[in-house]
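Below is the file protein-v5.cif, which contains mmCIF, C-alpha atoms.
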```cif
data_work
loop_
_atom_site.group_PDB
_atom_site.id
_atom_site.type_symbol
_atom_site.label_atom_id
_atom_site.label_comp_id
_atom_site.auth_asym_id
_atom_site.auth_seq_id
_atom_site.Cartn_x
_atom_site.Cartn_y
_atom_site.Cartn_z
ATOM 1 C CA VAL A 1130 9.874 8.714 -10.206
ATOM 2 C CA GLN A 1131 8.206 5.372 -10.694
ATOM 3 C CA LEU A 1132 6.367 3.061 -8.323
ATOM 4 C CA VAL A 1133 5.784 -0.442 -9.626
ATOM 5 C CA GLU A 1134 3.348 -2.719 -7.830
ATOM 6 C CA SER A 1135 2.933 -6.456 -8.127
ATOM 7 C CA GLY A 1136 1.172 -9.301 -6.395
ATOM 8 C CA GLY A 1137 -2.517 -8.622 -6.911
ATOM 9 C CA GLY A 1138 -4.938 -11.228 -8.144
ATOM 10 C CA LEU A 1139 -7.990 -13.328 -7.443
ATOM 11 C CA VAL A 1140 -8.258 -15.266 -4.211
ATOM 12 C CA GLN A 1141 -11.007 -16.964 -2.237
ATOM 13 C CA ALA A 1142 -12.222 -15.573 1.051
ATOM 14 C CA GLY A 1143 -9.885 -16.602 3.839
ATOM 15 C CA GLY A 1144 -6.904 -16.705 1.510
ATOM 16 C CA SER A 1145 -3.743 -14.628 1.404
ATOM 17 C CA LEU A 1146 -1.925 -12.344 -0.999
ATOM 18 C CA ARG A 1147 1.309 -10.394 -0.778
ATOM 19 C CA LEU A 1148 1.679 -7.078 -2.558
ATOM 20 C CA SER A 1149 5.031 -5.527 -3.384
ATOM 21 C CA CYS A 1150 5.933 -2.032 -4.499
ATOM 22 C CA ALA A 1151 9.343 -0.818 -5.604
ATOM 23 C CA ALA A 1152 10.106 2.871 -6.010
ATOM 24 C CA SER A 1153 12.798 4.117 -8.357
ATOM 25 C CA GLY A 1154 14.115 7.460 -9.486
ATOM 26 C CA ILE A 1155 13.882 8.985 -6.002
ATOM 27 C CA SER A 1156 16.931 10.841 -4.778
ATOM 28 C CA PHE A 1157 15.756 11.447 -1.235
ATOM 29 C CA GLY A 1158 14.602 9.169 1.533
ATOM 30 C CA ILE A 1159 10.924 8.311 1.499
ATOM 31 C CA ASN A 1160 9.355 9.537 4.702
ATOM 32 C CA VAL A 1161 6.199 7.446 4.524
ATOM 33 C CA MET A 1162 5.462 4.525 2.243
ATOM 34 C CA GLY A 1163 2.326 2.488 2.145
ATOM 35 C CA TRP A 1164 -0.867 1.288 0.589
ATOM 36 C CA TYR A 1165 -4.259 2.748 -0.206
ATOM 37 C CA ARG A 1166 -7.229 1.109 -1.905
ATOM 38 C CA GLN A 1167 -10.250 2.140 -3.880
ATOM 39 C CA ALA A 1168 -13.316 -0.002 -4.362
ATOM 40 C CA PRO A 1169 -15.861 0.705 -7.119
ATOM 41 C CA GLY A 1170 -18.011 3.694 -6.233
ATOM 42 C CA LYS A 1171 -15.977 4.507 -3.135
ATOM 43 C CA GLN A 1172 -13.250 6.968 -2.245
ATOM 44 C CA ARG A 1173 -9.646 5.952 -1.974
ATOM 45 C CA GLU A 1174 -8.809 4.990 1.593
ATOM 46 C CA LEU A 1175 -5.703 4.310 3.622
ATOM 47 C CA VAL A 1176 -4.919 0.640 4.196
ATOM 48 C CA ALA A 1177 -1.517 0.727 5.881
ATOM 49 C CA VAL A 1178 1.502 3.008 5.926
ATOM 50 C CA LYS A 1179 4.911 2.850 7.502
ATOM 51 C CA THR A 1180 7.372 5.618 8.210
ATOM 52 C CA SER A 1181 11.098 5.374 7.609
ATOM 53 C CA GLY A 1182 11.468 5.180 11.377
ATOM 54 C CA GLY A 1183 9.198 2.167 11.630
ATOM 55 C CA THR A 1184 5.921 3.651 12.842
ATOM 56 C CA THR A 1185 2.899 1.971 11.288
ATOM 57 C CA ASN A 1186 -0.716 2.967 10.836
ATOM 58 C CA TYR A 1187 -3.451 0.575 9.772
ATOM 59 C CA ALA A 1188 -7.077 0.999 8.858
ATOM 60 C CA ASP A 1189 -9.276 -0.502 11.565
ATOM 61 C CA SER A 1190 -10.792 -2.852 9.008
ATOM 62 C CA VAL A 1191 -7.466 -4.590 8.323
ATOM 63 C CA LYS A 1192 -5.853 -4.620 11.756
ATOM 64 C CA GLY A 1193 -4.810 -8.112 12.751
ATOM 65 C CA ARG A 1194 -5.087 -9.378 9.162
ATOM 66 C CA PHE A 1195 -2.679 -7.236 7.135
ATOM 67 C CA THR A 1196 0.981 -6.551 7.844
ATOM 68 C CA ILE A 1197 3.057 -3.849 6.213
ATOM 69 C CA SER A 1198 6.811 -4.128 5.940
ATOM 70 C CA ARG A 1199 9.411 -1.994 4.318
ATOM 71 C CA ASP A 1200 12.991 -2.127 3.098
ATOM 72 C CA ASN A 1201 14.246 1.447 3.288
ATOM 73 C CA ALA A 1202 17.504 0.681 1.501
ATOM 74 C CA LYS A 1203 15.608 -0.721 -1.481
ATOM 75 C CA ASN A 1204 12.720 1.787 -1.396
ATOM 76 C CA THR A 1205 10.368 -1.171 -1.327
ATOM 77 C CA VAL A 1206 7.200 -1.762 0.639
ATOM 78 C CA TYR A 1207 5.179 -4.937 1.074
ATOM 79 C CA LEU A 1208 1.679 -5.737 2.236
ATOM 80 C CA GLN A 1209 0.959 -9.214 3.527
ATOM 81 C CA MET A 1210 -2.791 -9.744 3.440
ATOM 82 C CA ASN A 1211 -4.229 -12.697 5.331
ATOM 83 C CA SER A 1212 -7.784 -13.793 6.063
ATOM 84 C CA LEU A 1213 -9.004 -11.850 3.083
ATOM 85 C CA LYS A 1214 -12.650 -10.903 2.873
ATOM 86 C CA PRO A 1215 -14.835 -10.007 -0.120
ATOM 87 C CA GLU A 1216 -14.956 -6.433 1.189
ATOM 88 C CA ASP A 1217 -11.184 -6.217 0.673
ATOM 89 C CA THR A 1218 -11.805 -6.271 -3.075
ATOM 90 C CA ALA A 1219 -10.380 -3.085 -4.553
ATOM 91 C CA VAL A 1220 -7.590 -1.603 -6.593
ATOM 92 C CA TYR A 1221 -4.605 -1.236 -4.287
ATOM 93 C CA TYR A 1222 -2.261 1.697 -4.816
ATOM 94 C CA CYS A 1223 1.248 2.134 -3.515
ATOM 95 C CA ASN A 1224 2.152 5.577 -2.198
ATOM 96 C CA ALA A 1225 5.452 7.273 -1.436
ATOM 97 C CA HIS A 1226 5.296 10.461 0.620
ATOM 98 C CA ILE A 1227 8.403 12.608 0.633
ATOM 99 C CA VAL A 1228 9.061 15.779 2.604
ATOM 100 C CA VAL A 1229 11.914 17.894 1.261
ATOM 101 C CA ALA A 1230 11.116 21.561 1.771
ATOM 102 C CA TYR A 1231 7.766 20.687 0.206
ATOM 103 C CA GLU A 1232 5.653 17.578 0.406
ATOM 104 C CA TYR A 1233 5.430 15.246 -2.551
ATOM 105 C CA ASP A 1234 3.161 12.269 -3.141
ATOM 106 C CA TYR A 1235 3.867 9.614 -5.738
ATOM 107 C CA TRP A 1236 1.491 6.828 -6.722
ATOM 108 C CA GLY A 1237 1.757 3.494 -8.414
ATOM 109 C CA GLN A 1238 -0.542 2.432 -11.226
ATOM 110 C CA GLY A 1239 -2.601 0.198 -8.964
ATOM 111 C CA THR A 1240 -3.043 -3.538 -8.718
ATOM 112 C CA GLN A 1241 -6.395 -5.312 -8.585
ATOM 113 C CA VAL A 1242 -7.234 -7.517 -5.622
ATOM 114 C CA THR A 1243 -10.416 -9.554 -5.926
ATOM 115 C CA VAL A 1244 -11.684 -11.728 -3.097
ATOM 116 C CA SER A 1245 -14.441 -14.163 -3.971
ATOM 117 C CA SER A 1246 -16.935 -15.453 -1.423
#
```
Full structure transcribed into structure tokens:
Amino acid sequence: VQLVESGGGLVQAGGSLRLSCAASGISFGINVMGWYRQAPGKQRELVAVKTSGGTTNYADSVKGRFTISRDNAKNTVYLQMNSLKPEDTAVYYCNAHIVVAYEYDYWGQGTQVTVSS
């Protein structure tokens, strides 16, 4: 199983970035797919996730600014990030959560997002 992220980078405050994550090597449907982030010295936190049925969950800090979308057929998830703030600076990780008898979590390698003030 492999999750490959792309789209991170350096952007000024108020700018936008779009992250993409493609999962491969998964034989079953992915129940929940989404994004987490970890800033230096902080714990990893949920940013946004989306179920295969379309239900979404966003961190309060990104509501109204970030939008998660997903292509179930391609096992791909996207994160459109608008109105970025310096506090959004973190390594962003893609996650695939699968429930087949047991629960499995797969993670991407992470992509750096840096927002300058």
Next on the checklist: Could you check the closest approach to Asn1201 in chain A for each of A:Leu1213, A:Ile1155, A:Leu1148, A:Val1133 and tell me which residue wins, using only C-alpha atoms?
Outcome noted: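 So, comparing all the options, the nearest one is A:Ile1155.
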Item to check | Explicit residue set for the PyMOL selection byres ((chain A and resi 1157) around 10), as a PyMOL selection string | outcome: chain A and resi 1154-1156+1158-1160+1227-1229
Checklist entry - Quick one: which residues end up in the PyMOL selection byres ((chain A and resi 1210) around 12) for this structure, as a PyMOL selection string? => result chain A and resi 1136-1138+1140+1142-1149+1164+1176-1177+1190-1198+1207-1209+1211-1214+1217-1218+1221+1242+1244
Item to check | Selected residue, from A:Ser1153, A:Thr1240, A:Ser1135, A:Ser1246, that lies nearest to Arg1166 in chain A when counting only C-alpha atoms | outcome: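 For Arg1166 in chain A, the nearest of the candidates is A:Thr1240.
Of the residues listed (A:Glu1174, A:Pro1215, A:His1226, A:Ala1168), A:Pro1215 shows the shortest atom-to-atom separation from Gln1141 in chain A; distances use only C-alpha atoms.
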Next on the checklist: What's the separation between CA of Arg1173 in chain A and CA of Val1130 in chain A, in Å to one decimal place?
Outcome noted: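 Going from CA of Arg1173 in chain A over to CA of Val1130 in chain A covers 21.4 Å.
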